[in-house]
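**Q** Structure below; questions to follow.
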Amino acid sequence: MLDLEGWMEIKSMKREGHSIREISRRTGRSRNTVRKVLRNKAPDQTKRRRKGSILDEYKVYLKRRYHETGLSGVRLLEEIAGLGYEGSVDTVRRYLAAIDREESVSAKATVRFETPPGKQAQVDWAEIGKMPDEAGKMKKVYAFVMVLGFSRMTFVEFTYSMKLPVLIACQQKAFEYFGGYTREILYDNMAQVRHPSGKLNPKMLDFLSFYGITLKTHRPRRPRTKGKVERNVHYLKDNFIKGREFRDFADLQARGRSWLDNTANRRVHATTGKIPFEMLKEEGLLPLEAVGEYKRVESVQRKVTSEGYILIGGSRYSVPPKMVGRKVTVESGYGTVSILAGETIVAKHPQARKRKETVTDPVHAAEMWKLSVRGQTVPKAKPAKLLIQIPDERPLTVYEEVIG
């Protein structure tokens with residue numbers, strides 16, 4: 001029989017965006033049971049004599065949600081009130097304060113968690129200073145750090161950005177450096193991974209799903225759960241950055257890699273008492289060859305020209321005429337260029353084979369022609385080589401008139 005905690009767990013996982021199949025897999029409940037819970041607004045409960053605090057039957061749920069989200073007592077009250085709780089917000093607040101006191105004590109006496117081989121890597125960012133870019137403009141420089149939990153093997157990549165495409169590229173470089181990847185990765189609650197609302201970034205999930213990697217984030221208020229990578233961030237700053245000067249960004253990157261190869265991963269680690277590079281042989285990483293290459297989808301903003309095109313990669317791609325003058329998002333990758341207005345794909349094309357080509361959808365060309373016939377002012381497109389598939393039933397003269 002499904003208890004209250006199990007019922008609340010299913011509801012919570014659904015709010016987080018998990019499918020019925022995934023909820024069933026994670027909880028061990030049948031899909032029919034999951035569907036039944038999601039249909040009901042409140043759990044089936046038999047009346048029984050209450051013992052102890054009015055909050056007792058909600059404490060497990062509250063503690064887990066507090067750890068996952070850090071929500072206030074008022075917000076958590078809203079959640080459990082919908083589950084049948086009839087007490088006050090003060091009772092909830094006192095319980096949350098008790099959790100903080102308990103964990104404040106336990107945090108000072110953290111038991112070190114040793115990771116089995118090949119199970120987990122930890123990731124973090126560190127801001128290390130400023131440096132001029134290729135144009136001479138001073139920009140912040142960040143260090144991406146990944147540490148393998150078992151061997152303590154470390155990878156560092158310096159960047160000018162912490163955006164998601166950069167984060168994904170850094171992880172791929174780390175996989176190549178290590179010669180494989182772990183079954184799960186533990187992240188800070190960084191915005192590139194998890195939105196403040198609690199929703200996971202779908203593009204990050206797509207990347208990790210490609211490799212079959214499980215995403216983990218440390219609990220709010222408990223950053224020690226990723227202490228391995230944080231200690232390596234301190235080690236990087238103290239042993240490599242502090243007191244050194246670098247000619248330029250390329251020099252920083254090159255000397256950083258040399259430091260990894262000859263110092264960081266060749267020293268006797270203070271905790272394990274062993275050399276990370278030697279321990280790597282026992283790490284048992286999943287091989288990259290088994291999954292192939294993950295191709296990133298690049299996303300940029302473009303404004304639709306008066307001719308009904310956007311320019312990307314040196315080539316032009318048609319957009320519905322109604323989008324003229326509007327800003328759109330262009331995603332390119334996997335041989336495809338997708339054009340989105342908000343979350344809606346308004347056009348999709350094969351990528352141009354070379355620069356300065358024009359890729360036109362016949363429907364867009366016909367719509368533009370109709371606007372011209374109605375007497376509306378529509379500038380003609382500049383002559384260019386076209387990648388266009390024209391239906392047999394339409395005369396070629398129609399399109400020749402449109403494109404000049």
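All residue names refer to the structure tokens as shown: chains lettered A, B, ... in order, residues numbered from 1 in each chain, ligands numbered from 1 in order.
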Counting only C-alpha atoms, what is within 10 Å of Lys140 in chain A, bar same-chain residues fewer than 4 positions away, as a JSON list (two decimals) with N, CA and C atoms, in the first residue's frame?

**A**
[["chain", "number", "residue", "atom", "x", "y", "z"],
["A", 127, "GLU", "N", 36.38, 31.87, -10.49],
["A", 127, "GLU", "CA", 36.86, 33.09, -11.14],
["A", 127, "GLU", "C", 38.28, 33.35, -10.65],
["A", 128, "ILE", "N", 39.22, 33.53, -11.58],
["A", 128, "ILE", "CA", 40.63, 33.64, -11.17],
["A", 128, "ILE", "C", 41.25, 35.00, -11.45],
["A", 129, "GLY", "N", 40.51, 35.91, -12.08],
["A", 129, "GLY", "CA", 41.07, 37.24, -12.34],
["A", 129, "GLY", "C", 40.60, 37.78, -13.67],
["A", 130, "LYS", "N", 41.37, 38.73, -14.23],
["A", 130, "LYS", "CA", 41.05, 39.34, -15.52],
["A", 130, "LYS", "C", 42.26, 39.30, -16.43],
["A", 131, "MET", "N", 41.97, 39.26, -17.74],
["A", 131, "MET", "CA", 43.03, 39.19, -18.74],
["A", 131, "MET", "C", 42.48, 39.75, -20.05],
["A", 132, "PRO", "N", 43.31, 40.45, -20.84],
["A", 132, "PRO", "CA", 42.82, 40.99, -22.12],
["A", 132, "PRO", "C", 42.54, 39.87, -23.12],
["A", 133, "ASP", "N", 41.44, 40.02, -23.88],
["A", 133, "ASP", "CA", 41.15, 39.04, -24.93],
["A", 133, "ASP", "C", 41.91, 39.41, -26.20],
["A", 159, "THR", "N", 38.61, 29.71, -19.35],
["A", 159, "THR", "CA", 37.64, 30.25, -20.31],
["A", 159, "THR", "C", 37.35, 31.72, -20.00],
["A", 160, "TYR", "N", 36.71, 32.39, -20.97],
["A", 160, "TYR", "CA", 36.23, 33.75, -20.76],
["A", 160, "TYR", "C", 34.73, 33.76, -20.44],
["A", 161, "SER", "N", 34.12, 32.59, -20.39],
["A", 161, "SER", "CA", 32.67, 32.51, -20.21],
["A", 161, "SER", "C", 32.31, 31.26, -19.42]]

**Q** Need to verify the contact set: range 89-92 of chain A, 6 Å, only C-alpha atoms, exclusion of same-chain residues closer than 2 positions in sequence. Can you return it as a VMD selection string?

**A** chain A and resid 73 94 to 95

**Q** Can those selected residues be exported to a file as a PDB file, in the first residue's frame so that it contains C-alpha atoms?

**A**
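What landed in part-v7.pdb:
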ATOM      1  CA  GLY A  73       8.219  27.997   5.569  1.00  0.00           C
ATOM      2  CA  ARG A  94      10.115  25.802  14.018  1.00  0.00           C
ATOM      3  CA  TYR A  95      10.736  22.458  12.320  1.00  0.00           C
TER       4      TYR A  95
END

**Q** If you run DSSP over the backbone, which residues in range 32-198 of chain A end up strand (DSSP E or B)? Put them as a ChimeraX atom specification.

**A** /A:120-132,138-148,154-159,181,184-187,194

**Q** Which residues are near range 201-216 of chain A? Cut-off 6 Å, only C-alpha atoms, ignore same chain within fewer than 5 positions. Put them as a PDB file with C-alpha atoms, in the first residue's frame.

**A**
ATOM      1  CA  ARG A 183      28.485   7.186 -14.452  1.00  0.00           C
ATOM      2  CA  GLU A 184      27.379  10.384 -12.698  1.00  0.00           C
ATOM      3  CA  ILE A 185      28.519  14.004 -12.300  1.00  0.00           C
ATOM      4  CA  LEU A 186      27.923  16.172  -9.243  1.00  0.00           C
ATOM      5  CA  VAL A 193      22.385  23.210 -14.826  1.00  0.00           C
ATOM      6  CA  ARG A 194      19.367  24.094 -12.695  1.00  0.00           C
TER       7      ARG A 194
END

**Q** For range 230-232 of chain A, find every residue with an atom within 12 Å (counting only C-alpha atoms), except residues of its own chain fewer than 2 positions away, and show them as a PDB file with N, CA and C atoms, in the first residue's frame.

**A**
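Wrote part33.pdb, looks like this:
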ATOM      1  N   GLN A 122      33.165  15.399  -9.999  1.00  0.00           N
ATOM      2  CA  GLN A 122      32.602  16.633  -9.463  1.00  0.00           C
ATOM      3  C   GLN A 122      33.083  17.811 -10.299  1.00  0.00           C
ATOM      4  N   VAL A 123      32.188  18.786 -10.499  1.00  0.00           N
ATOM      5  CA  VAL A 123      32.461  19.927 -11.374  1.00  0.00           C
ATOM      6  C   VAL A 123      32.210  21.235 -10.645  1.00  0.00           C
ATOM      7  N   ASP A 124      33.050  22.226 -10.925  1.00  0.00           N
ATOM      8  CA  ASP A 124      32.837  23.559 -10.365  1.00  0.00           C
ATOM      9  C   ASP A 124      33.529  24.594 -11.235  1.00  0.00           C
ATOM     10  N   TRP A 125      33.148  25.856 -11.072  1.00  0.00           N
ATOM     11  CA  TRP A 125      33.786  26.996 -11.722  1.00  0.00           C
ATOM     12  C   TRP A 125      34.519  27.828 -10.671  1.00  0.00           C
ATOM     13  N   ALA A 126      35.558  28.523 -11.089  1.00  0.00           N
ATOM     14  CA  ALA A 126      36.250  29.464 -10.205  1.00  0.00           C
ATOM     15  C   ALA A 126      36.665  30.681 -11.014  1.00  0.00           C
ATOM     16  N   ALA A 143      38.021  29.361 -14.389  1.00  0.00           N
ATOM     17  CA  ALA A 143      38.615  28.028 -14.481  1.00  0.00           C
ATOM     18  C   ALA A 143      37.521  26.997 -14.303  1.00  0.00           C
ATOM     19  N   PHE A 144      37.363  26.137 -15.298  1.00  0.00           N
ATOM     20  CA  PHE A 144      36.479  24.978 -15.179  1.00  0.00           C
ATOM     21  C   PHE A 144      37.307  23.858 -14.562  1.00  0.00           C
ATOM     22  N   VAL A 145      36.787  23.253 -13.498  1.00  0.00           N
ATOM     23  CA  VAL A 145      37.523  22.198 -12.796  1.00  0.00           C
ATOM     24  C   VAL A 145      36.649  20.951 -12.688  1.00  0.00           C
ATOM     25  N   MET A 146      37.196  19.809 -13.118  1.00  0.00           N
ATOM     26  CA  MET A 146      36.525  18.523 -12.933  1.00  0.00           C
ATOM     27  C   MET A 146      37.488  17.582 -12.223  1.00  0.00           C
ATOM     28  N   VAL A 147      36.985  16.893 -11.198  1.00  0.00           N
ATOM     29  CA  VAL A 147      37.782  15.957 -10.410  1.00  0.00           C
ATOM     30  C   VAL A 147      37.096  14.593 -10.388  1.00  0.00           C
ATOM     31  N   LEU A 148      37.839  13.533 -10.649  1.00  0.00           N
ATOM     32  CA  LEU A 148      37.310  12.180 -10.537  1.00  0.00           C
ATOM     33  C   LEU A 148      37.327  11.775  -9.070  1.00  0.00           C
ATOM     34  N   GLY A 149      36.172  11.346  -8.576  1.00  0.00           N
ATOM     35  CA  GLY A 149      36.016  11.101  -7.143  1.00  0.00           C
ATOM     36  C   GLY A 149      36.925  10.026  -6.577  1.00  0.00           C
ATOM     37  N   ARG A 152      41.015  11.051  -7.830  1.00  0.00           N
ATOM     38  CA  ARG A 152      41.337  12.472  -7.622  1.00  0.00           C
ATOM     39  C   ARG A 152      42.067  13.061  -8.828  1.00  0.00           C
ATOM     40  N   MET A 153      42.005  12.389  -9.958  1.00  0.00           N
ATOM     41  CA  MET A 153      42.554  12.931 -11.198  1.00  0.00           C
ATOM     42  C   MET A 153      41.798  14.209 -11.527  1.00  0.00           C
ATOM     43  N   THR A 154      42.535  15.271 -11.915  1.00  0.00           N
ATOM     44  CA  THR A 154      41.943  16.599 -12.104  1.00  0.00           C
ATOM     45  C   THR A 154      42.131  17.102 -13.524  1.00  0.00           C
ATOM     46  N   PHE A 155      41.118  17.821 -14.011  1.00  0.00           N
ATOM     47  CA  PHE A 155      41.208  18.506 -15.299  1.00  0.00           C
ATOM     48  C   PHE A 155      40.817  19.966 -15.101  1.00  0.00           C
ATOM     49  N   VAL A 156      41.569  20.878 -15.749  1.00  0.00           N
ATOM     50  CA  VAL A 156      41.279  22.313 -15.663  1.00  0.00           C
ATOM     51  C   VAL A 156      41.301  22.908 -17.063  1.00  0.00           C
ATOM     52  N   LEU A 186      28.493  15.324 -10.291  1.00  0.00           N
ATOM     53  CA  LEU A 186      27.923  16.172  -9.243  1.00  0.00           C
ATOM     54  C   LEU A 186      28.272  17.625  -9.531  1.00  0.00           C
ATOM     55  N   TYR A 187      27.242  18.472  -9.622  1.00  0.00           N
ATOM     56  CA  TYR A 187      27.420  19.894  -9.910  1.00  0.00           C
ATOM     57  C   TYR A 187      26.989  20.738  -8.721  1.00  0.00           C
ATOM     58  N   ASP A 188      27.517  21.953  -8.693  1.00  0.00           N
ATOM     59  CA  ASP A 188      26.954  22.975  -7.831  1.00  0.00           C
ATOM     60  C   ASP A 188      25.567  23.301  -8.402  1.00  0.00           C
ATOM     61  N   PRO A 223      27.253  22.628   0.780  1.00  0.00           N
ATOM     62  CA  PRO A 223      28.240  22.553  -0.292  1.00  0.00           C
ATOM     63  C   PRO A 223      29.339  21.544  -0.041  1.00  0.00           C
ATOM     64  N   ARG A 224      29.466  21.041   1.204  1.00  0.00           N
ATOM     65  CA  ARG A 224      30.525  20.080   1.477  1.00  0.00           C
ATOM     66  C   ARG A 224      30.334  18.772   0.733  1.00  0.00           C
ATOM     67  N   THR A 225      29.134  18.554   0.210  1.00  0.00           N
ATOM     68  CA  THR A 225      28.909  17.323  -0.530  1.00  0.00           C
ATOM     69  C   THR A 225      29.739  17.277  -1.810  1.00  0.00           C
ATOM     70  N   LYS A 226      30.279  18.415  -2.257  1.00  0.00           N
ATOM     71  CA  LYS A 226      31.195  18.407  -3.389  1.00  0.00           C
ATOM     72  C   LYS A 226      32.558  18.955  -2.955  1.00  0.00           C
ATOM     73  N   GLY A 227      32.988  18.515  -1.796  1.00  0.00           N
ATOM     74  CA  GLY A 227      34.227  19.022  -1.227  1.00  0.00           C
ATOM     75  C   GLY A 227      35.472  18.673  -2.023  1.00  0.00           C
ATOM     76  N   LYS A 228      35.456  17.537  -2.754  1.00  0.00           N
ATOM     77  CA  LYS A 228      36.651  17.144  -3.512  1.00  0.00           C
ATOM     78  C   LYS A 228      37.025  18.201  -4.542  1.00  0.00           C
ATOM     79  N   HIS A 234      40.805  25.383  -4.572  1.00  0.00           N
ATOM     80  CA  HIS A 234      41.751  26.081  -3.683  1.00  0.00           C
ATOM     81  C   HIS A 234      43.195  25.720  -4.028  1.00  0.00           C
ATOM     82  N   TYR A 235      43.424  24.453  -4.322  1.00  0.00           N
ATOM     83  CA  TYR A 235      44.772  23.987  -4.669  1.00  0.00           C
ATOM     84  C   TYR A 235      45.237  24.649  -5.963  1.00  0.00           C
ATOM     85  N   LEU A 236      44.341  24.759  -6.962  1.00  0.00           N
ATOM     86  CA  LEU A 236      44.682  25.408  -8.228  1.00  0.00           C
ATOM     87  C   LEU A 236      45.101  26.858  -7.996  1.00  0.00           C
ATOM     88  N   LYS A 237      44.309  27.592  -7.218  1.00  0.00           N
ATOM     89  CA  LYS A 237      44.617  29.005  -6.987  1.00  0.00           C
ATOM     90  C   LYS A 237      45.924  29.177  -6.214  1.00  0.00           C
ATOM     91  N   ASP A 238      46.127  28.345  -5.206  1.00  0.00           N
ATOM     92  CA  ASP A 238      47.301  28.501  -4.342  1.00  0.00           C
ATOM     93  C   ASP A 238      48.579  27.990  -4.995  1.00  0.00           C
ATOM     94  N   ASN A 239      48.492  26.845  -5.675  1.00  0.00           N
ATOM     95  CA  ASN A 239      49.702  26.208  -6.196  1.00  0.00           C
ATOM     96  C   ASN A 239      50.061  26.657  -7.603  1.00  0.00           C
ATOM     97  N   PHE A 240      49.076  27.117  -8.379  1.00  0.00           N
ATOM     98  CA  PHE A 240      49.367  27.481  -9.764  1.00  0.00           C
ATOM     99  C   PHE A 240      49.153  28.965 -10.072  1.00  0.00           C
ATOM    100  N   LEU A 260      48.965  20.505 -14.774  1.00  0.00           N
ATOM    101  CA  LEU A 260      48.163  19.305 -14.555  1.00  0.00           C
ATOM    102  C   LEU A 260      48.996  18.044 -14.765  1.00  0.00           C
ATOM    103  N   ALA A 264      49.888  18.577 -10.551  1.00  0.00           N
ATOM    104  CA  ALA A 264      48.621  18.249  -9.892  1.00  0.00           C
ATOM    105  C   ALA A 264      48.306  16.757  -9.916  1.00  0.00           C
ATOM    106  N   ASN A 265      48.507  16.122 -11.063  1.00  0.00           N
ATOM    107  CA  ASN A 265      48.149  14.711 -11.192  1.00  0.00           C
ATOM    108  C   ASN A 265      49.324  13.766 -10.978  1.00  0.00           C
ATOM    109  N   HIS A 269      48.632  12.419  -3.373  1.00  0.00           N
ATOM    110  CA  HIS A 269      47.462  13.114  -2.862  1.00  0.00           C
ATOM    111  C   HIS A 269      47.389  13.004  -1.341  1.00  0.00           C
ATOM    112  N   ALA A 270      47.082  14.125  -0.681  1.00  0.00           N
ATOM    113  CA  ALA A 270      47.103  14.166   0.783  1.00  0.00           C
ATOM    114  C   ALA A 270      46.077  13.229   1.409  1.00  0.00           C
ATOM    115  N   THR A 271      44.944  13.010   0.752  1.00  0.00           N
ATOM    116  CA  THR A 271      43.894  12.160   1.333  1.00  0.00           C
ATOM    117  C   THR A 271      44.087  10.693   1.017  1.00  0.00           C
TER     118      THR A 271
END

**Q** Between A:Tyr177, A:Tyr85, A:Tyr61, A:Tyr142, which one has atoms that come closest to Arg257 in chain A, using only C-alpha atoms?

**A** A:Tyr177

**Q** Pick out the closest residue to Met368 in chain A from this set: A:Ser332, A:Ser318, A:Asn40, A:Thr27. Count only C-alpha atoms.

**A**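 Using only C-alpha atoms, Met368 in chain A sits closest to A:Ser318.
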
**Q** Smallest atom-to-atom distance to Met13 in chain A: which of A:Ala254, A:Leu285, A:Lys63, A:Lys199, using only C-alpha atoms?

**A** A:Lys199

**Q** Rounded to one decimal, what separation in Å do you get between CA of Ile20 in chain A and CA of Thr69 in chain A?

**A**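 Result for CA of Ile20 in chain A versus CA of Thr69 in chain A: 22.0 Å, one decimal.
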